[in-house]
Amino acid sequence: MNWSELGFNFNRTGGENARLYYKDGVWSAPEFTTDEYLPIHISAACLHYGLEAFEGLKAFRGVDGKVRLFRPSANAYRMACGARKLCLPEVPEQLFVDTCVEIVRRNMEFVPPYESRAALYLRPLLIGTKPCLGVRSVDEAMFVVFAVPVGPYFKEGIHPINVIVDRRQDRAAPLGTGDVKVGGNYASSMLSFENAHNQGFAAVMYTDSVEHRYIEECGAANFFAIKGDKYITPKSPSILPSITNGSLRILASDMGLIVEERPVDIAELPTFDECGACGTGAVISPIGMVYDLQTGETVHYGSEVGKVSVALYNALKDIQYGRTQDCYGWTLIVE
Ligand SMILES: Cc1ncc(COP(=O)(O)O)c(C=O)c1O
């Protein structure tokens, strides 16, 4: 495999994926297969009513050659929150984690070498499989985990991205499903994502869908800002609780920063020293410029990555790649 050419695409691995079936109130034992297709009924609830939740997490080959899975229990918890909201059966935490660990084991040869800065991306997926025509909850489901090697998000090193504030499409409603990782949220933001890309922006900065004034998310990532000695990140019921953001908040606090989780008015953008998007994909994508489509205003943060963002990025990457001791218990070594 040519690790240096990997992007964030589905690269056929030849490795195994896992399937577990929920029926009559119990989960089956995992089945492992190299088949990349699912046998699914044409009337399965996930195909029609969006009854699906998914996750994304990475395994890294460390500087010591050991493979570390980053915070799988946090993903298990988040998927369970999604399952509850969609009235799907929950995957118990231990079953979720054990299945992810087993998939890493069975795809060991696809965990990229340390030097490549690439990783093995795991995609757990929970789908309602019961055939139904009318809208209703289902008590038959499938839990799938597959793994794909992915390249480093920034091949030429971390650099700032440009984002657009586009209020023409809401990502999520305050009492909707924005706080869980379900496909419908991505469907509802696809058009603005396409428009942003066609105009040369890396991501859309979403505002709240009531006043279109408070920052919600930045593409498929959370938003954070640095202002003096503060790490500021938006608080809202329609934001997905990012595991990366949660980790950065702890690291920021341990570095002596004050962590503020509160509504963040878009008007505050010019007052920030640094800002960025954070998520599993890139850890941190620093924001170089924000363009507001409605007001025509732009805020520039420069072409260099801010020093606090770099320090946070390095602190998290050092844990993921085993370059520093994981005193938080975030990594699970897969033997
Ligand atoms: C909408 C959205 N927000 C935030 C995140 C970042 O979450 P995490 O750090 O758990 O990857 C993601 C990616 O999963 C996402 O899709």
# chains A, B, ... in the order shown; residues from 1 in each chain; ligands from 1
>>> residues_around(residues="Glu16 of chain A", least_positions_apart="3", cutoff="8 Å", atoms="only C-alpha atoms", output="VMD selection string")
chain A and resid 32 to 35 103 106 to 107 146 to 147
>>> closest_atom_pairs(of="chain A", to="ligand 1", cutoff="6 Å", atoms="only C-alpha atoms and all ligand atoms", output="tab-separated table")
residue	atom	partner	partner_atom_place_in_ligand_line	distance
A:Gly56	CA	ligand 1	14 (O)	6.0
A:Ala220	CA	ligand 1	15 (C)	3.8
A:Ala221	CA	ligand 1	4 (C)	3.4
A:Asn222	CA	ligand 1	4 (C)	4.6
A:Leu240	CA	ligand 1	3 (N)	4.9
A:Ser242	CA	ligand 1	7 (O)	3.5
A:Ile243	CA	ligand 1	10 (O)	3.8
A:Thr244	CA	ligand 1	9 (O)	3.6
A:Asn245	CA	ligand 1	9 (O)	5.8
A:Gly279	CA	ligand 1	9 (O)	3.4
A:Thr280	CA	ligand 1	11 (O)	3.6
>>> atom_distance(atom1="atom CA of Ile258 of chain A", atom2="atom CA of Arg323 of chain A")
25.6 Å
>>> residues_around(residues="segment 224-234 of chain A", least_positions_apart="3", cutoff="7 Å", atoms="only C-alpha atoms", output="number ranges by chain")
A: 215-216, 252, 257-264, 272-277
>>> write_last_selection(atoms="N, CA, C and O atoms", output="short mmCIF file (atom, residue, chain, number, x, y, z; two decimals), in the first residue's frame")
data_model
loop_
_atom_site.label_atom_id
_atom_site.label_comp_id
_atom_site.auth_asym_id
_atom_site.auth_seq_id
_atom_site.Cartn_x
_atom_site.Cartn_y
_atom_site.Cartn_z
N ILE A 215 -22.62 30.90 16.81
CA ILE A 215 -21.88 29.87 16.07
C ILE A 215 -22.26 28.49 16.61
O ILE A 215 -22.32 28.29 17.81
N GLU A 216 -22.51 27.57 15.66
CA GLU A 216 -22.83 26.20 16.06
C GLU A 216 -21.65 25.29 15.75
O GLU A 216 -20.90 24.93 16.62
N ALA A 252 -6.41 21.99 27.23
CA ALA A 252 -6.30 23.45 27.36
C ALA A 252 -6.31 23.84 28.84
O ALA A 252 -5.49 24.65 29.29
N LEU A 257 -5.14 27.31 30.50
CA LEU A 257 -6.14 28.18 29.86
C LEU A 257 -7.47 28.08 30.61
O LEU A 257 -7.76 27.04 31.22
N ILE A 258 -8.24 29.14 30.53
CA ILE A 258 -9.59 29.10 31.10
C ILE A 258 -10.51 28.58 30.00
O ILE A 258 -10.48 29.10 28.87
N VAL A 259 -11.29 27.58 30.30
CA VAL A 259 -12.17 27.01 29.28
C VAL A 259 -13.58 27.57 29.45
O VAL A 259 -14.16 27.48 30.54
N GLU A 260 -14.08 28.17 28.38
CA GLU A 260 -15.45 28.72 28.40
C GLU A 260 -16.29 27.98 27.38
O GLU A 260 -15.98 27.99 26.19
N GLU A 261 -17.36 27.35 27.85
CA GLU A 261 -18.32 26.72 26.94
C GLU A 261 -19.60 27.53 27.08
O GLU A 261 -20.25 27.49 28.13
N ARG A 262 -19.92 28.31 26.04
CA ARG A 262 -21.04 29.26 26.15
C ARG A 262 -21.48 29.65 24.74
O ARG A 262 -20.76 29.40 23.76
N PRO A 263 -22.67 30.25 24.62
CA PRO A 263 -23.05 30.73 23.29
C PRO A 263 -22.00 31.72 22.77
O PRO A 263 -21.54 32.58 23.52
N VAL A 264 -21.62 31.54 21.51
CA VAL A 264 -20.59 32.41 20.92
C VAL A 264 -21.21 33.18 19.77
O VAL A 264 -21.60 32.60 18.74
N PHE A 272 -11.24 37.42 18.39
CA PHE A 272 -10.47 36.22 18.72
C PHE A 272 -9.04 36.32 18.18
O PHE A 272 -8.80 36.85 17.09
N ASP A 273 -8.09 35.75 18.93
CA ASP A 273 -6.70 35.71 18.47
C ASP A 273 -6.50 34.58 17.46
O ASP A 273 -5.74 34.69 16.51
N GLU A 274 -7.15 33.45 17.74
CA GLU A 274 -7.03 32.26 16.88
C GLU A 274 -8.39 31.59 16.88
O GLU A 274 -9.13 31.70 17.85
N CYS A 275 -8.70 30.88 15.83
CA CYS A 275 -9.85 29.99 15.92
C CYS A 275 -9.68 28.83 14.96
O CYS A 275 -8.82 28.85 14.08
N GLY A 276 -10.48 27.79 15.20
CA GLY A 276 -10.31 26.60 14.40
C GLY A 276 -11.51 25.68 14.48
O GLY A 276 -12.44 25.90 15.26
N ALA A 277 -11.47 24.65 13.63
CA ALA A 277 -12.47 23.59 13.66
C ALA A 277 -11.75 22.36 14.23
O ALA A 277 -10.57 22.16 13.94
#
>>> atom_distance(atom1="atom CA of Ser188 of chain A", atom2="atom CA of Cys46 of chain A")
16.1 Å
>>> residues_around(residues="Val305 of chain A", least_positions_apart="2", cutoff="12 Å", atoms="only C-alpha atoms", output="ChimeraX atom specification")
/A:157-161,226,273-276,284-289,301-303,307-313
>>> closest_residue(among="A:Val182, A:Ala118, A:Pro174, A:Val97", to="Lys235 of chain A", atoms="only C-alpha atoms")
A:Pro174
>>> closest_atom_pairs(of="segment 92-211 of chain A", to="segment 68-79 of chain A", cutoff="7 Å", atoms="only C-alpha atoms", output="tab-separated table")
residue	atom	partner	partner_atom	distance
A:Glu93	CA	A:Ala76	CA	5.3
A:Phe96	CA	A:Ala76	CA	5.9
A:Val97	CA	A:Pro72	CA	5.9
A:Val180	CA	A:Arg78	CA	6.9
>>> select_by_dssp(residues="segment 114-317 of chain A", states="strand (DSSP E or B)", output="ChimeraX atom specification")
/A:119-128,131,141-150,161-165,182,203-207,214-218,222-227,230-233,258-261,265,274-279,283-292,298-300
>>> closest_residue(among="A:Asp139, A:Glu109, A:Glu90, A:Glu156", to="Gly15 of chain A", atoms="only C-alpha atoms")
A:Glu109
>>> residues_around(residues="Ala141 of chain A", least_positions_apart="5", cutoff="8 Å", atoms="only C-alpha atoms", output="count of residues only")
10
>>> closest_residue(among="A:Glu140, A:Glu194, A:Asp292, A:Glu217", to="Arg171 of chain A", atoms="only C-alpha atoms")
A:Glu217
>>> select_by_dssp(residues="segment 124-258 of chain A", states="helix (DSSP H, G or I)", output="mmCIF file with N, CA, C and O atoms, in the first residue's frame")
data_model
loop_
_atom_site.group_PDB
_atom_site.id
_atom_site.type_symbol
_atom_site.label_atom_id
_atom_site.label_comp_id
_atom_site.auth_asym_id
_atom_site.auth_seq_id
_atom_site.Cartn_x
_atom_site.Cartn_y
_atom_site.Cartn_z
ATOM 1 N N GLY A 183 -27.306 10.360 10.227
ATOM 2 C CA GLY A 183 -27.166 10.753 8.835
ATOM 3 C C GLY A 183 -27.985 11.966 8.433
ATOM 4 O O GLY A 183 -27.550 12.769 7.606
ATOM 5 N N GLY A 184 -29.162 12.119 9.028
ATOM 6 C CA GLY A 184 -30.061 13.215 8.641
ATOM 7 C C GLY A 184 -29.410 14.583 8.783
ATOM 8 O O GLY A 184 -29.679 15.495 7.993
ATOM 9 N N ASN A 185 -28.541 14.746 9.769
ATOM 10 C CA ASN A 185 -27.876 16.047 9.959
ATOM 11 C C ASN A 185 -26.970 16.385 8.773
ATOM 12 O O ASN A 185 -26.792 17.555 8.426
ATOM 13 N N TYR A 186 -26.393 15.354 8.198
ATOM 14 C CA TYR A 186 -25.465 15.574 7.081
ATOM 15 C C TYR A 186 -26.263 15.800 5.804
ATOM 16 O O TYR A 186 -25.884 16.595 4.952
ATOM 17 N N ALA A 187 -27.409 15.119 5.709
ATOM 18 C CA ALA A 187 -28.282 15.333 4.553
ATOM 19 C C ALA A 187 -28.786 16.780 4.549
ATOM 20 O O ALA A 187 -28.802 17.447 3.515
ATOM 21 N N SER A 188 -29.161 17.284 5.735
ATOM 22 C CA SER A 188 -29.757 18.620 5.777
ATOM 23 C C SER A 188 -28.719 19.720 5.560
ATOM 24 O O SER A 188 -29.072 20.869 5.334
ATOM 25 N N MET A 190 -26.068 19.222 3.323
ATOM 26 C CA MET A 190 -25.296 18.871 2.121
ATOM 27 C C MET A 190 -25.258 19.999 1.083
ATOM 28 O O MET A 190 -24.219 20.259 0.468
ATOM 29 N N LEU A 191 -26.397 20.688 0.906
ATOM 30 C CA LEU A 191 -26.458 21.710 -0.129
ATOM 31 C C LEU A 191 -25.525 22.884 0.212
ATOM 32 O O LEU A 191 -24.780 23.368 -0.657
ATOM 33 N N SER A 192 -25.536 23.304 1.465
ATOM 34 C CA SER A 192 -24.654 24.423 1.830
ATOM 35 C C SER A 192 -23.192 23.995 1.756
ATOM 36 O O SER A 192 -22.311 24.785 1.389
ATOM 37 N N PHE A 193 -22.916 22.725 2.068
ATOM 38 C CA PHE A 193 -21.568 22.187 1.968
ATOM 39 C C PHE A 193 -21.100 22.229 0.495
ATOM 40 O O PHE A 193 -19.994 22.676 0.197
ATOM 41 N N GLU A 194 -21.988 21.804 -0.397
ATOM 42 C CA GLU A 194 -21.657 21.816 -1.832
ATOM 43 C C GLU A 194 -21.389 23.239 -2.323
ATOM 44 O O GLU A 194 -20.416 23.507 -3.031
ATOM 45 N N ASN A 195 -22.288 24.150 -1.929
ATOM 46 C CA ASN A 195 -22.128 25.550 -2.346
ATOM 47 C C ASN A 195 -20.807 26.116 -1.856
ATOM 48 O O ASN A 195 -20.101 26.821 -2.585
ATOM 49 N N ALA A 196 -20.474 25.810 -0.602
ATOM 50 C CA ALA A 196 -19.219 26.313 -0.024
ATOM 51 C C ALA A 196 -18.021 25.794 -0.816
ATOM 52 O O ALA A 196 -17.113 26.554 -1.173
ATOM 53 N N HIS A 197 -18.047 24.500 -1.097
ATOM 54 C CA HIS A 197 -16.931 23.906 -1.835
ATOM 55 C C HIS A 197 -16.798 24.498 -3.226
ATOM 56 O O HIS A 197 -15.696 24.787 -3.683
ATOM 57 N N ASN A 198 -17.955 24.707 -3.875
ATOM 58 C CA ASN A 198 -17.917 25.266 -5.223
ATOM 59 C C ASN A 198 -17.372 26.696 -5.239
ATOM 60 O O ASN A 198 -16.886 27.168 -6.252
ATOM 61 N N ILE A 243 -15.633 14.552 20.408
ATOM 62 C CA ILE A 243 -14.707 13.889 21.343
ATOM 63 C C ILE A 243 -13.357 14.613 21.306
ATOM 64 O O ILE A 243 -12.679 14.756 22.319
ATOM 65 N N THR A 244 -12.994 15.116 20.133
ATOM 66 C CA THR A 244 -11.750 15.889 20.017
ATOM 67 C C THR A 244 -11.847 17.172 20.839
ATOM 68 O O THR A 244 -10.934 17.510 21.586
ATOM 69 N N ASN A 245 -12.978 17.866 20.684
ATOM 70 C CA ASN A 245 -13.173 19.118 21.429
ATOM 71 C C ASN A 245 -13.140 18.850 22.931
ATOM 72 O O ASN A 245 -12.500 19.582 23.691
ATOM 73 N N GLY A 246 -13.796 17.774 23.353
ATOM 74 C CA GLY A 246 -13.787 17.414 24.772
ATOM 75 C C GLY A 246 -12.364 17.176 25.258
ATOM 76 O O GLY A 246 -11.985 17.595 26.363
ATOM 77 N N SER A 247 -11.549 16.533 24.416
ATOM 78 C CA SER A 247 -10.150 16.245 24.790
ATOM 79 C C SER A 247 -9.347 17.547 24.806
ATOM 80 O O SER A 247 -8.535 17.763 25.713
ATOM 81 N N LEU A 248 -9.570 18.401 23.810
ATOM 82 C CA LEU A 248 -8.827 19.671 23.747
ATOM 83 C C LEU A 248 -9.167 20.567 24.941
ATOM 84 O O LEU A 248 -8.298 21.265 25.462
ATOM 85 N N ARG A 249 -10.415 20.511 25.365
ATOM 86 C CA ARG A 249 -10.817 21.331 26.520
ATOM 87 C C ARG A 249 -10.017 20.923 27.757
ATOM 88 O O ARG A 249 -9.561 21.760 28.527
ATOM 89 N N ILE A 250 -9.850 19.615 27.924
ATOM 90 C CA ILE A 250 -9.095 19.114 29.089
ATOM 91 C C ILE A 250 -7.616 19.506 28.953
ATOM 92 O O ILE A 250 -6.999 19.993 29.899
ATOM 93 N N LEU A 251 -7.077 19.332 27.754
ATOM 94 C CA LEU A 251 -5.667 19.689 27.540
ATOM 95 C C LEU A 251 -5.464 21.191 27.747
ATOM 96 O O LEU A 251 -4.478 21.621 28.349
ATOM 97 N N ALA A 252 -6.412 21.986 27.232
ATOM 98 C CA ALA A 252 -6.305 23.448 27.361
ATOM 99 C C ALA A 252 -6.307 23.842 28.836
ATOM 100 O O ALA A 252 -5.487 24.649 29.287
ATOM 101 N N SER A 253 -7.212 23.241 29.577
ATOM 102 C CA SER A 253 -7.303 23.555 31.002
ATOM 103 C C SER A 253 -6.001 23.156 31.708
ATOM 104 O O SER A 253 -5.481 23.912 32.530
ATOM 105 N N ASP A 254 -5.449 21.998 31.345
ATOM 106 C CA ASP A 254 -4.190 21.553 31.972
ATOM 107 C C ASP A 254 -2.993 22.389 31.534
ATOM 108 O O ASP A 254 -1.946 22.355 32.167
#
>>> residues_around(residues="Asp64 of chain A", least_positions_apart="5", cutoff="9 Å", atoms="only C-alpha atoms", output="PyMOL selection string")
chain A and resi 114+321-323
>>> decode(residues="segment 143-174 of chain A", atoms="N, CA and C atoms", output="PDB file, in the first residue's frame")
ATOM      1  N   PHE A 143     -25.453  -3.752  13.553  1.00  0.00           N
ATOM      2  CA  PHE A 143     -24.316  -2.930  13.956  1.00  0.00           C
ATOM      3  C   PHE A 143     -23.128  -3.415  13.132  1.00  0.00           C
ATOM      4  N   VAL A 144     -22.536  -2.497  12.398  1.00  0.00           N
ATOM      5  CA  VAL A 144     -21.454  -2.832  11.471  1.00  0.00           C
ATOM      6  C   VAL A 144     -20.225  -2.017  11.854  1.00  0.00           C
ATOM      7  N   VAL A 145     -19.054  -2.615  11.796  1.00  0.00           N
ATOM      8  CA  VAL A 145     -17.825  -1.831  11.975  1.00  0.00           C
ATOM      9  C   VAL A 145     -16.868  -2.195  10.850  1.00  0.00           C
ATOM     10  N   PHE A 146     -16.440  -1.178  10.093  1.00  0.00           N
ATOM     11  CA  PHE A 146     -15.396  -1.439   9.100  1.00  0.00           C
ATOM     12  C   PHE A 146     -14.252  -0.460   9.294  1.00  0.00           C
ATOM     13  N   ALA A 147     -13.126  -0.785   8.662  1.00  0.00           N
ATOM     14  CA  ALA A 147     -11.908   0.012   8.871  1.00  0.00           C
ATOM     15  C   ALA A 147     -11.288   0.371   7.530  1.00  0.00           C
ATOM     16  N   VAL A 148     -10.805   1.587   7.450  1.00  0.00           N
ATOM     17  CA  VAL A 148     -10.187   2.094   6.217  1.00  0.00           C
ATOM     18  C   VAL A 148      -8.932   2.889   6.591  1.00  0.00           C
ATOM     19  N   PRO A 149      -7.782   2.600   5.972  1.00  0.00           N
ATOM     20  CA  PRO A 149      -6.629   3.468   6.256  1.00  0.00           C
ATOM     21  C   PRO A 149      -6.839   4.834   5.610  1.00  0.00           C
ATOM     22  N   VAL A 150      -6.557   5.880   6.350  1.00  0.00           N
ATOM     23  CA  VAL A 150      -6.727   7.242   5.819  1.00  0.00           C
ATOM     24  C   VAL A 150      -5.441   8.034   6.002  1.00  0.00           C
ATOM     25  N   GLY A 151      -5.213   8.952   5.064  1.00  0.00           N
ATOM     26  CA  GLY A 151      -3.992   9.755   5.099  1.00  0.00           C
ATOM     27  C   GLY A 151      -4.099  10.868   6.124  1.00  0.00           C
ATOM     28  N   PRO A 152      -2.990  11.544   6.382  1.00  0.00           N
ATOM     29  CA  PRO A 152      -3.046  12.702   7.273  1.00  0.00           C
ATOM     30  C   PRO A 152      -3.903  13.766   6.621  1.00  0.00           C
ATOM     31  N   TYR A 153      -4.712  14.466   7.399  1.00  0.00           N
ATOM     32  CA  TYR A 153      -5.644  15.455   6.854  1.00  0.00           C
ATOM     33  C   TYR A 153      -4.879  16.540   6.091  1.00  0.00           C
ATOM     34  N   PHE A 154      -3.808  17.020   6.704  1.00  0.00           N
ATOM     35  CA  PHE A 154      -2.978  18.039   6.045  1.00  0.00           C
ATOM     36  C   PHE A 154      -1.690  17.357   5.606  1.00  0.00           C
ATOM     37  N   LYS A 155      -1.591  17.081   4.308  1.00  0.00           N
ATOM     38  CA  LYS A 155      -0.415  16.354   3.820  1.00  0.00           C
ATOM     39  C   LYS A 155       0.857  17.190   3.939  1.00  0.00           C
ATOM     40  N   GLU A 156       0.726  18.502   3.673  1.00  0.00           N
ATOM     41  CA  GLU A 156       1.911  19.368   3.738  1.00  0.00           C
ATOM     42  C   GLU A 156       2.001  20.082   5.082  1.00  0.00           C
ATOM     43  N   GLY A 157       1.454  19.464   6.109  1.00  0.00           N
ATOM     44  CA  GLY A 157       1.508  20.085   7.435  1.00  0.00           C
ATOM     45  C   GLY A 157       0.277  20.948   7.668  1.00  0.00           C
ATOM     46  N   ILE A 158      -0.060  21.154   8.910  1.00  0.00           N
ATOM     47  CA  ILE A 158      -1.273  21.872   9.312  1.00  0.00           C
ATOM     48  C   ILE A 158      -1.234  23.319   8.793  1.00  0.00           C
ATOM     49  N   HIS A 159      -2.297  23.729   8.097  1.00  0.00           N
ATOM     50  CA  HIS A 159      -2.352  25.110   7.596  1.00  0.00           C
ATOM     51  C   HIS A 159      -3.794  25.623   7.639  1.00  0.00           C
ATOM     52  N   PRO A 160      -3.973  26.937   7.692  1.00  0.00           N
ATOM     53  CA  PRO A 160      -5.325  27.493   7.885  1.00  0.00           C
ATOM     54  C   PRO A 160      -6.268  27.267   6.696  1.00  0.00           C
ATOM     55  N   ILE A 161      -7.550  27.148   7.018  1.00  0.00           N
ATOM     56  CA  ILE A 161      -8.597  26.977   6.005  1.00  0.00           C
ATOM     57  C   ILE A 161      -9.490  28.226   5.989  1.00  0.00           C
ATOM     58  N   ASN A 162     -10.185  28.416   4.879  1.00  0.00           N
ATOM     59  CA  ASN A 162     -11.158  29.505   4.777  1.00  0.00           C
ATOM     60  C   ASN A 162     -12.568  28.937   4.907  1.00  0.00           C
ATOM     61  N   VAL A 163     -13.404  29.607   5.671  1.00  0.00           N
ATOM     62  CA  VAL A 163     -14.771  29.108   5.860  1.00  0.00           C
ATOM     63  C   VAL A 163     -15.790  30.204   5.558  1.00  0.00           C
ATOM     64  N   ILE A 164     -17.012  29.770   5.265  1.00  0.00           N
ATOM     65  CA  ILE A 164     -18.074  30.721   4.905  1.00  0.00           C
ATOM     66  C   ILE A 164     -19.250  30.579   5.873  1.00  0.00           C
ATOM     67  N   VAL A 165     -19.795  31.699   6.302  1.00  0.00           N
ATOM     68  CA  VAL A 165     -21.019  31.679   7.104  1.00  0.00           C
ATOM     69  C   VAL A 165     -22.170  31.766   6.118  1.00  0.00           C
ATOM     70  N   ASP A 166     -22.955  30.708   6.051  1.00  0.00           N
ATOM     71  CA  ASP A 166     -24.056  30.652   5.093  1.00  0.00           C
ATOM     72  C   ASP A 166     -25.325  30.332   5.871  1.00  0.00           C
ATOM     73  N   ARG A 167     -26.235  31.299   5.973  1.00  0.00           N
ATOM     74  CA  ARG A 167     -27.440  31.114   6.785  1.00  0.00           C
ATOM     75  C   ARG A 167     -28.622  30.612   5.958  1.00  0.00           C
ATOM     76  N   ARG A 168     -28.365  30.228   4.714  1.00  0.00           N
ATOM     77  CA  ARG A 168     -29.497  29.846   3.869  1.00  0.00           C
ATOM     78  C   ARG A 168     -29.993  28.431   4.154  1.00  0.00           C
ATOM     79  N   GLN A 169     -29.201  27.666   4.877  1.00  0.00           N
ATOM     80  CA  GLN A 169     -29.645  26.314   5.213  1.00  0.00           C
ATOM     81  C   GLN A 169     -29.242  25.998   6.646  1.00  0.00           C
ATOM     82  N   ASP A 170     -30.212  25.553   7.446  1.00  0.00           N
ATOM     83  CA  ASP A 170     -29.894  25.178   8.828  1.00  0.00           C
ATOM     84  C   ASP A 170     -29.407  23.742   8.880  1.00  0.00           C
ATOM     85  N   ARG A 171     -28.435  23.529   9.754  1.00  0.00           N
ATOM     86  CA  ARG A 171     -27.929  22.168   9.922  1.00  0.00           C
ATOM     87  C   ARG A 171     -28.840  21.358  10.839  1.00  0.00           C
ATOM     88  N   ALA A 172     -29.288  22.003  11.920  1.00  0.00           N
ATOM     89  CA  ALA A 172     -30.072  21.258  12.909  1.00  0.00           C
ATOM     90  C   ALA A 172     -30.931  22.210  13.720  1.00  0.00           C
ATOM     91  N   ALA A 173     -32.069  21.707  14.181  1.00  0.00           N
ATOM     92  CA  ALA A 173     -32.971  22.505  15.013  1.00  0.00           C
ATOM     93  C   ALA A 173     -32.606  22.313  16.486  1.00  0.00           C
ATOM     94  N   PRO A 174     -32.924  23.302  17.323  1.00  0.00           N
ATOM     95  CA  PRO A 174     -32.539  23.204  18.735  1.00  0.00           C
ATOM     96  C   PRO A 174     -33.035  21.929  19.427  1.00  0.00           C
TER      97      PRO A 174
END
